[in-house]
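K.L.:
Structure file data29.txt (compact mmCIF, C-alpha atoms and all ligand atoms) right here:
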```
# COMPACT_ATOMS: atom_id res chain seq x y z
CA MET A 1 0.00 0.00 0.00
CA ALA A 2 2.71 2.40 0.99
CA ARG A 3 4.40 1.52 -2.22
CA VAL A 4 1.30 2.36 -4.21
CA LEU A 5 0.89 5.62 -2.35
CA HIS A 6 4.48 6.44 -2.96
CA LYS A 7 4.00 5.73 -6.62
CA LEU A 8 0.86 7.82 -6.66
CA SER A 9 2.51 10.80 -5.07
CA ALA A 10 5.42 10.49 -7.43
CA TRP A 11 2.95 10.60 -10.28
CA ALA A 12 1.18 13.54 -8.72
CA LEU A 13 4.46 15.36 -8.42
CA LEU A 14 5.31 14.56 -12.00
CA ALA A 15 1.92 15.72 -13.16
CA LEU A 16 2.33 18.92 -11.20
CA LEU A 17 5.75 19.52 -12.64
CA ALA A 18 4.49 18.73 -16.11
CA SER A 19 1.60 21.15 -15.79
CA LEU A 20 3.93 23.83 -14.51
CA LEU A 21 6.28 23.31 -17.40
CA MET A 22 3.64 22.64 -20.01
CA GLY A 23 1.23 25.35 -19.00
CA PRO A 24 2.98 28.27 -20.65
CA ALA A 25 4.27 26.04 -23.42
CA ALA A 26 0.76 24.89 -24.19
CA VAL A 27 -0.44 28.47 -24.29
CA MET A 28 2.37 29.41 -26.61
CA ALA A 29 1.67 26.45 -28.83
CA GLY A 30 -1.88 27.70 -29.15
CA VAL A 31 -3.64 24.95 -27.22
CA ASN A 32 -7.01 26.23 -25.98
CA LYS A 33 -6.57 29.34 -28.01
CA PRO A 34 -9.82 31.20 -28.43
CA VAL A 35 -11.63 30.41 -31.64
CA LEU A 36 -11.87 33.49 -33.80
CA GLU A 37 -14.22 34.09 -36.66
CA ARG A 38 -12.28 35.11 -39.72
CA GLY A 39 -12.56 38.77 -40.67
CA LYS A 40 -14.25 39.89 -43.85
CA GLY A 41 -12.28 40.38 -47.01
CA GLU A 42 -8.95 39.03 -48.15
CA ARG A 43 -6.74 40.25 -45.40
CA CYS A 44 -6.44 42.48 -42.40
CA VAL A 45 -5.18 46.06 -42.53
CA GLU A 46 -1.72 44.73 -41.74
CA ASP A 47 -0.10 41.36 -41.70
CA THR A 48 -2.13 39.00 -39.50
CA GLU A 49 0.73 38.06 -37.22
CA PHE A 50 1.59 41.72 -36.82
CA MET A 51 -2.03 42.47 -35.97
CA ARG A 52 -2.12 39.81 -33.30
CA ARG A 53 0.78 41.41 -31.54
CA ASN A 54 0.40 45.08 -32.30
CA HIS A 55 -3.25 45.98 -32.82
CA MET A 56 -3.35 47.83 -29.48
CA ALA A 57 -0.50 50.10 -30.49
CA LEU A 58 -2.08 50.73 -33.88
CA LEU A 59 -5.39 51.65 -32.34
CA LYS A 60 -3.86 53.94 -29.77
CA HIS A 61 -1.67 55.58 -32.34
CA HIS A 62 -4.58 56.04 -34.68
CA ARG A 63 -6.70 57.49 -31.93
CA ASP A 64 -3.98 59.97 -31.01
CA ASP A 65 -3.61 60.94 -34.64
CA THR A 66 -7.34 61.51 -34.89
CA MET A 67 -7.96 63.22 -31.62
CA ARG A 68 -4.83 65.22 -30.98
CA ARG A 69 -3.42 65.77 -34.41
CA GLY A 70 -6.64 65.93 -36.35
CA ILE A 71 -5.40 63.43 -38.92
CA ARG A 72 -8.31 61.41 -40.23
CA THR A 73 -7.46 58.33 -42.14
CA THR A 74 -9.42 55.14 -42.14
CA LYS A 75 -6.67 52.58 -42.40
CA HIS A 76 -6.39 51.75 -38.72
CA SER A 77 -9.71 53.08 -37.57
CA LEU A 78 -11.68 51.30 -34.91
CA LYS A 79 -14.70 51.57 -37.15
CA GLY A 80 -12.78 49.51 -39.71
CA CYS A 81 -12.08 46.77 -37.20
CA VAL A 82 -15.75 46.65 -36.27
CA ASP A 83 -16.87 46.58 -39.90
CA CYS A 84 -14.74 43.58 -40.75
CA HIS A 85 -14.74 41.71 -37.49
CA ALA A 86 -18.36 41.90 -36.35
CA SER A 87 -19.68 38.43 -35.65
CA SER A 88 -22.03 36.81 -38.13
CA LYS A 89 -24.06 35.61 -35.16
CA THR A 90 -24.35 38.69 -32.97
CA GLY A 91 -23.43 41.36 -35.51
CA SER A 92 -21.07 42.78 -32.92
CA VAL A 93 -17.40 42.62 -32.01
CA ALA A 94 -18.04 42.62 -28.30
CA SER A 95 -21.50 41.54 -27.25
CA SER A 96 -20.74 37.92 -26.47
CA LYS A 97 -17.66 36.22 -25.13
CA GLU A 98 -17.08 34.63 -28.52
CA ASP A 99 -17.20 37.89 -30.44
CA PHE A 100 -13.93 38.86 -32.05
CA CYS A 101 -12.63 41.54 -29.72
CA MET A 102 -13.81 39.66 -26.67
CA ALA A 103 -12.55 36.17 -27.41
CA CYS A 104 -8.88 36.89 -26.78
CA HIS A 105 -9.47 39.52 -24.19
CA VAL A 106 -11.60 37.31 -22.01
CA TYR A 107 -8.98 34.63 -22.43
CA THR A 108 -6.12 36.95 -21.48
CA GLY A 109 -8.09 39.00 -18.97
CA VAL A 110 -7.76 42.30 -20.80
CA LYS A 111 -10.71 44.60 -20.23
CA LEU A 112 -11.53 47.35 -22.70
CA ASP A 113 -13.46 50.50 -21.96
CA CYS A 114 -13.69 51.40 -25.65
CA TRP A 115 -17.30 50.26 -25.91
CA ASP A 116 -18.51 52.81 -23.39
CA CYS A 117 -18.26 55.24 -26.28
CA HIS A 118 -17.60 53.36 -29.48
CA ALA A 119 -20.17 51.27 -31.26
CA THR A 120 -19.50 47.54 -31.30
CA LYS A 121 -21.57 47.01 -34.43
CA PRO A 122 -21.02 48.22 -37.97
CA MET A 123 -23.13 51.19 -38.84
CA LYS A 124 -24.16 52.67 -42.10
CA LEU A 125 -23.35 56.17 -41.01
CA TYR A 126 -19.96 56.78 -39.62
CA ARG A 127 -21.12 60.22 -38.70
CA PRO A 128 -24.61 61.62 -39.20
CA ALA A 129 -24.66 63.50 -42.49
CA ALA A 130 -25.86 66.65 -40.80
CA ALA A 131 -23.15 66.58 -38.16
CA PRO A 132 -20.12 68.75 -38.58
CA ARG A 133 -16.89 67.04 -39.46
CA GLY A 134 -15.25 65.82 -36.34
CA THR A 135 -18.35 64.59 -34.59
CA PRO A 136 -17.31 61.37 -32.97
CA LEU A 137 -18.79 58.04 -33.78
CA MET A 138 -20.63 57.64 -30.56
CA VAL A 139 -23.14 54.96 -29.81
CA GLN A 140 -25.65 57.38 -28.38
CA GLN A 141 -25.52 59.65 -31.37
CA GLN A 142 -26.14 56.75 -33.67
CA GLY A 143 -29.46 55.93 -32.11
CA GLY A 144 -28.31 53.89 -29.17
CA GLN A 145 -27.43 50.70 -30.98
CA GLN A 146 -25.75 49.27 -27.97
CA PRO A 147 -25.50 45.51 -27.71
C1 LIG B 201 -14.99 58.43 -23.18
C2 LIG B 201 -15.32 58.03 -24.55
C3 LIG B 201 -14.27 57.19 -25.29
C4 LIG B 201 -13.68 56.02 -24.88
C5 LIG B 201 -13.87 55.27 -23.57
C6 LIG B 201 -12.83 55.60 -25.98
N1 LIG B 201 -12.92 56.50 -27.00
FE1 LIG B 201 -11.97 56.36 -28.81
N2 LIG B 201 -12.78 58.09 -29.38
C7 LIG B 201 -13.64 58.86 -28.63
C8 LIG B 201 -13.95 60.09 -29.37
C9 LIG B 201 -14.85 61.21 -28.90
C10 LIG B 201 -13.24 60.00 -30.60
C11 LIG B 201 -13.20 61.00 -31.74
C12 LIG B 201 -13.95 60.41 -32.87
C13 LIG B 201 -13.89 61.28 -34.09
O1 LIG B 201 -13.49 62.42 -33.96
O2 LIG B 201 -14.23 60.75 -35.15
C14 LIG B 201 -12.52 58.74 -30.57
C15 LIG B 201 -11.74 58.30 -31.60
C16 LIG B 201 -11.06 57.09 -31.61
C17 LIG B 201 -10.30 56.59 -32.72
C18 LIG B 201 -10.15 57.26 -34.08
C19 LIG B 201 -11.46 57.13 -34.87
C20 LIG B 201 -11.75 55.71 -35.36
O3 LIG B 201 -12.92 55.32 -35.55
O4 LIG B 201 -10.79 54.98 -35.58
C21 LIG B 201 -9.79 55.38 -32.36
C22 LIG B 201 -8.90 54.46 -33.16
C23 LIG B 201 -10.23 55.15 -31.00
N3 LIG B 201 -11.00 56.21 -30.57
C24 LIG B 201 -9.92 54.03 -30.28
C25 LIG B 201 -10.34 53.80 -29.01
C26 LIG B 201 -10.00 52.61 -28.27
C27 LIG B 201 -9.12 51.47 -28.79
C28 LIG B 201 -10.60 52.71 -27.05
C29 LIG B 201 -10.53 51.74 -25.90
C30 LIG B 201 -9.18 51.40 -25.44
C31 LIG B 201 -11.32 53.98 -27.02
N4 LIG B 201 -11.15 54.60 -28.22
C32 LIG B 201 -12.06 54.44 -25.95
C33 LIG B 201 -14.15 58.56 -27.39
C34 LIG B 201 -13.78 57.48 -26.62
C1 LIG B 202 -10.92 44.80 -44.57
C2 LIG B 202 -11.35 44.02 -43.44
C3 LIG B 202 -10.54 44.11 -42.15
C4 LIG B 202 -10.31 45.25 -41.38
C5 LIG B 202 -10.68 46.69 -41.70
C6 LIG B 202 -9.63 44.79 -40.19
N1 LIG B 202 -9.43 43.44 -40.25
FE1 LIG B 202 -8.45 42.32 -38.86
N2 LIG B 202 -8.55 40.71 -40.10
C7 LIG B 202 -9.22 40.66 -41.31
C8 LIG B 202 -9.03 39.34 -41.88
C9 LIG B 202 -9.59 38.84 -43.23
C10 LIG B 202 -8.22 38.60 -40.98
C11 LIG B 202 -7.72 37.17 -41.13
C12 LIG B 202 -6.46 37.21 -41.96
C13 LIG B 202 -5.76 35.87 -42.01
O1 LIG B 202 -6.36 34.85 -41.68
O2 LIG B 202 -4.59 35.87 -42.37
C14 LIG B 202 -7.94 39.49 -39.85
C15 LIG B 202 -7.17 39.15 -38.75
C16 LIG B 202 -7.03 39.93 -37.60
C17 LIG B 202 -6.38 39.52 -36.38
C18 LIG B 202 -5.74 38.17 -36.12
C19 LIG B 202 -6.83 37.18 -35.81
C20 LIG B 202 -6.30 35.81 -35.54
O3 LIG B 202 -6.80 34.85 -36.15
O4 LIG B 202 -5.42 35.66 -34.70
C21 LIG B 202 -6.48 40.55 -35.49
C22 LIG B 202 -5.99 40.59 -34.06
C23 LIG B 202 -7.17 41.62 -36.17
N3 LIG B 202 -7.49 41.20 -37.44
C24 LIG B 202 -7.48 42.83 -35.61
C25 LIG B 202 -7.97 43.92 -36.31
C26 LIG B 202 -8.07 45.27 -35.76
C27 LIG B 202 -7.72 45.66 -34.35
C28 LIG B 202 -8.54 46.06 -36.76
C29 LIG B 202 -8.76 47.55 -36.75
C30 LIG B 202 -7.56 48.36 -36.51
C31 LIG B 202 -8.76 45.20 -37.93
N4 LIG B 202 -8.41 43.91 -37.61
C32 LIG B 202 -9.26 45.63 -39.15
C33 LIG B 202 -9.94 41.69 -41.88
C34 LIG B 202 -9.96 42.99 -41.43
C1 LIG B 203 -5.65 37.37 -31.17
C2 LIG B 203 -6.18 37.82 -29.88
C3 LIG B 203 -6.79 39.22 -29.83
C4 LIG B 203 -7.82 39.72 -30.59
C5 LIG B 203 -8.61 39.01 -31.66
C6 LIG B 203 -8.03 41.08 -30.15
N1 LIG B 203 -7.15 41.38 -29.16
FE1 LIG B 203 -6.87 43.22 -28.31
N2 LIG B 203 -5.42 42.44 -27.11
C7 LIG B 203 -4.98 41.15 -27.11
C8 LIG B 203 -4.00 40.97 -26.05
C9 LIG B 203 -3.26 39.68 -25.73
C10 LIG B 203 -3.87 42.23 -25.43
C11 LIG B 203 -2.96 42.60 -24.25
C12 LIG B 203 -1.61 42.95 -24.77
C13 LIG B 203 -0.71 43.47 -23.70
O1 LIG B 203 -1.10 43.50 -22.53
O2 LIG B 203 0.39 43.86 -24.08
C14 LIG B 203 -4.77 43.14 -26.13
C15 LIG B 203 -4.89 44.48 -25.83
C16 LIG B 203 -5.72 45.36 -26.49
C17 LIG B 203 -5.79 46.77 -26.23
C18 LIG B 203 -4.98 47.52 -25.20
C19 LIG B 203 -5.67 47.43 -23.88
C20 LIG B 203 -4.98 48.23 -22.82
O3 LIG B 203 -5.59 48.40 -21.75
O4 LIG B 203 -3.85 48.65 -23.04
C21 LIG B 203 -6.74 47.29 -27.06
C22 LIG B 203 -7.17 48.74 -27.15
C23 LIG B 203 -7.26 46.19 -27.85
N3 LIG B 203 -6.61 45.03 -27.48
C24 LIG B 203 -8.26 46.32 -28.77
C25 LIG B 203 -8.80 45.28 -29.51
C26 LIG B 203 -9.93 45.40 -30.40
C27 LIG B 203 -10.70 46.67 -30.65
C28 LIG B 203 -10.14 44.15 -30.92
C29 LIG B 203 -11.18 43.76 -31.93
C30 LIG B 203 -11.20 44.51 -33.20
C31 LIG B 203 -9.13 43.26 -30.37
N4 LIG B 203 -8.36 43.97 -29.50
C32 LIG B 203 -8.99 41.93 -30.68
C33 LIG B 203 -5.40 40.14 -27.95
C34 LIG B 203 -6.38 40.26 -28.92
```
With the file now loaded, output its structure as structure tokens.
Ligand code: HEC
Ligand code: HEC
Ligand code: HEC

P.N.:
Amino acid sequence: MARVLHKLSAWALLALLASLLMGPAAVMAGVNKPVLERGKGERCVEDTEFMRRNHMALLKHHRDDTMRRGIRTTKHSLKGCVDCHASSKTGSVASSKEDFCMACHVYTGVKLDCWDCHATKPMKLYRPAAAPRGTPLMVQQQGGQQP
């Protein structure tokens, strides 16, 4: 009996060690990676691998360009992300845990406050036609299409 116990605890130790060692390795190898719906179109705004790693920097940079420097391009706009990455099920990038912007973030524990102001669903009007240039794309101003 003692022998069996000893064996068992040895196995338990091994399993523990293995999980400690394999845990990060498994994550890196993509095991249990969130399942992402493919974006619309041929490709993303930048190389996919680059996007995986650097989308946050792109978004922040683009926001700073827009808000502080008044540069308005669409290449890295948040609206663009939403247009191409809205889920075919929910129509949104962030209304369910499986939606594109949520899938990884839930998995990695990153919380975004972007959706307090920005729409999570594609919208026909980026900016109401009557609104002066520079009016933000705000959920409320678009008729409250919040998820
Ligand atoms: C308190 C409200 C608020 C929050 C929260 C917020 N934004 Fe914005 N954001 C704005 C406003 C206002 C603008 C200006 C929009 C314009 O002028 O077209 C803007 C513009 C942007 C733009 C440039 C326009 C576009 O569609 O690309 C980006 C990119 C952006 N925000 C990203 C983000 C990201 C990423 C987050 C979350 C980390 C975020 N914002 C959180 C209010 C907010
Ligand atoms: C024109 C449509 C389009 C736009 C705009 C777009 N994407 Fe993409 N995105 C795609 C496609 C298509 C893929 C998949 C490409 C592939 O499989 O190689 C993708 C892939 C990605 C990936 C990697 C997903 C994975 O499988 O790991 C991330 C992250 C991403 N996009 C984020 C963004 C962000 C953030 C924005 C806005 C700044 C954005 N995308 C704008 C179409 C788009
Ligand atoms: C392939 C997985 C993945 C997808 C898909 C993804 N993100 Fe991320 N995102 C991450 C990771 C991981 C981080 C944290 C990176 C870090 O801490 O350095 C992050 C961080 C961010 C940040 C910075 C948060 C902060 O507090 O600094 C923003 C903004 C962001 N993501 C926006 C988006 C938006 C918008 C989408 C959907 C268009 C999206 N992400 C889709 C993995 C992803």

K.L.:
Mind listing as a PyMOL selection string all residues within 10 Å of (-15.9, 48.1, -35.7), counting all atoms listed in the file?

P.N.:
chain A and resi 77-86+92-94+101+118-123

K.L.:
Kindly give the distance, in Å, that separates atom C8 of ligand LIG 203 (chain B) and atom CA of Gly70 of chain A, rounded to a single decimal.

P.N.:
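Atom C8 of ligand LIG 203 (chain B) sits 27.1 Å away from atom CA of Gly70 of chain A.
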
K.L.:
Counting only C-alpha atoms and all ligand atoms, name the residues that have an atom within 10 Å of an atom of ligand LIG 201 (chain B); the answer should be given as a ChimeraX atom specification.

P.N.:
/A:55-68,70-82,111-119,126-127,133-139

K.L.:
Record the distance separating atom CA of Lys40 of chain A and atom C10 of ligand LIG 202 (chain B), expressed in Å with one decimal.

P.N.:
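About the pair atom CA of Lys40 of chain A and atom C10 of ligand LIG 202 (chain B): they are 6.8 Å apart.
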
K.L.:
Please measure the separation of atom CA of Val110 of chain A and atom CA of Arg69 of chain A, giving the value in Å to one decimal.

P.N.:
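Between atom CA of Val110 of chain A and atom CA of Arg69 of chain A the gap works out to 27.5 Å.
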
K.L.:
So which one's closest to Glu98 of chain A, A:Arg53, A:Leu36, A:Thr48, A:Glu42? Using all atoms listed in the file, please.

P.N.:
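Ranking A:Arg53, A:Leu36, A:Thr48, A:Glu42 by distance to Glu98 of chain A, first place goes to A:Leu36.
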
K.L.:
For each of A:Ser96, A:Gly41, A:Pro34, A:Lys89, take the minimum atom-to-atom distance to ligand LIG 203 (chain B), counting all atoms listed in the file, then give the residue where this is smallest.

P.N.:
A:Pro34
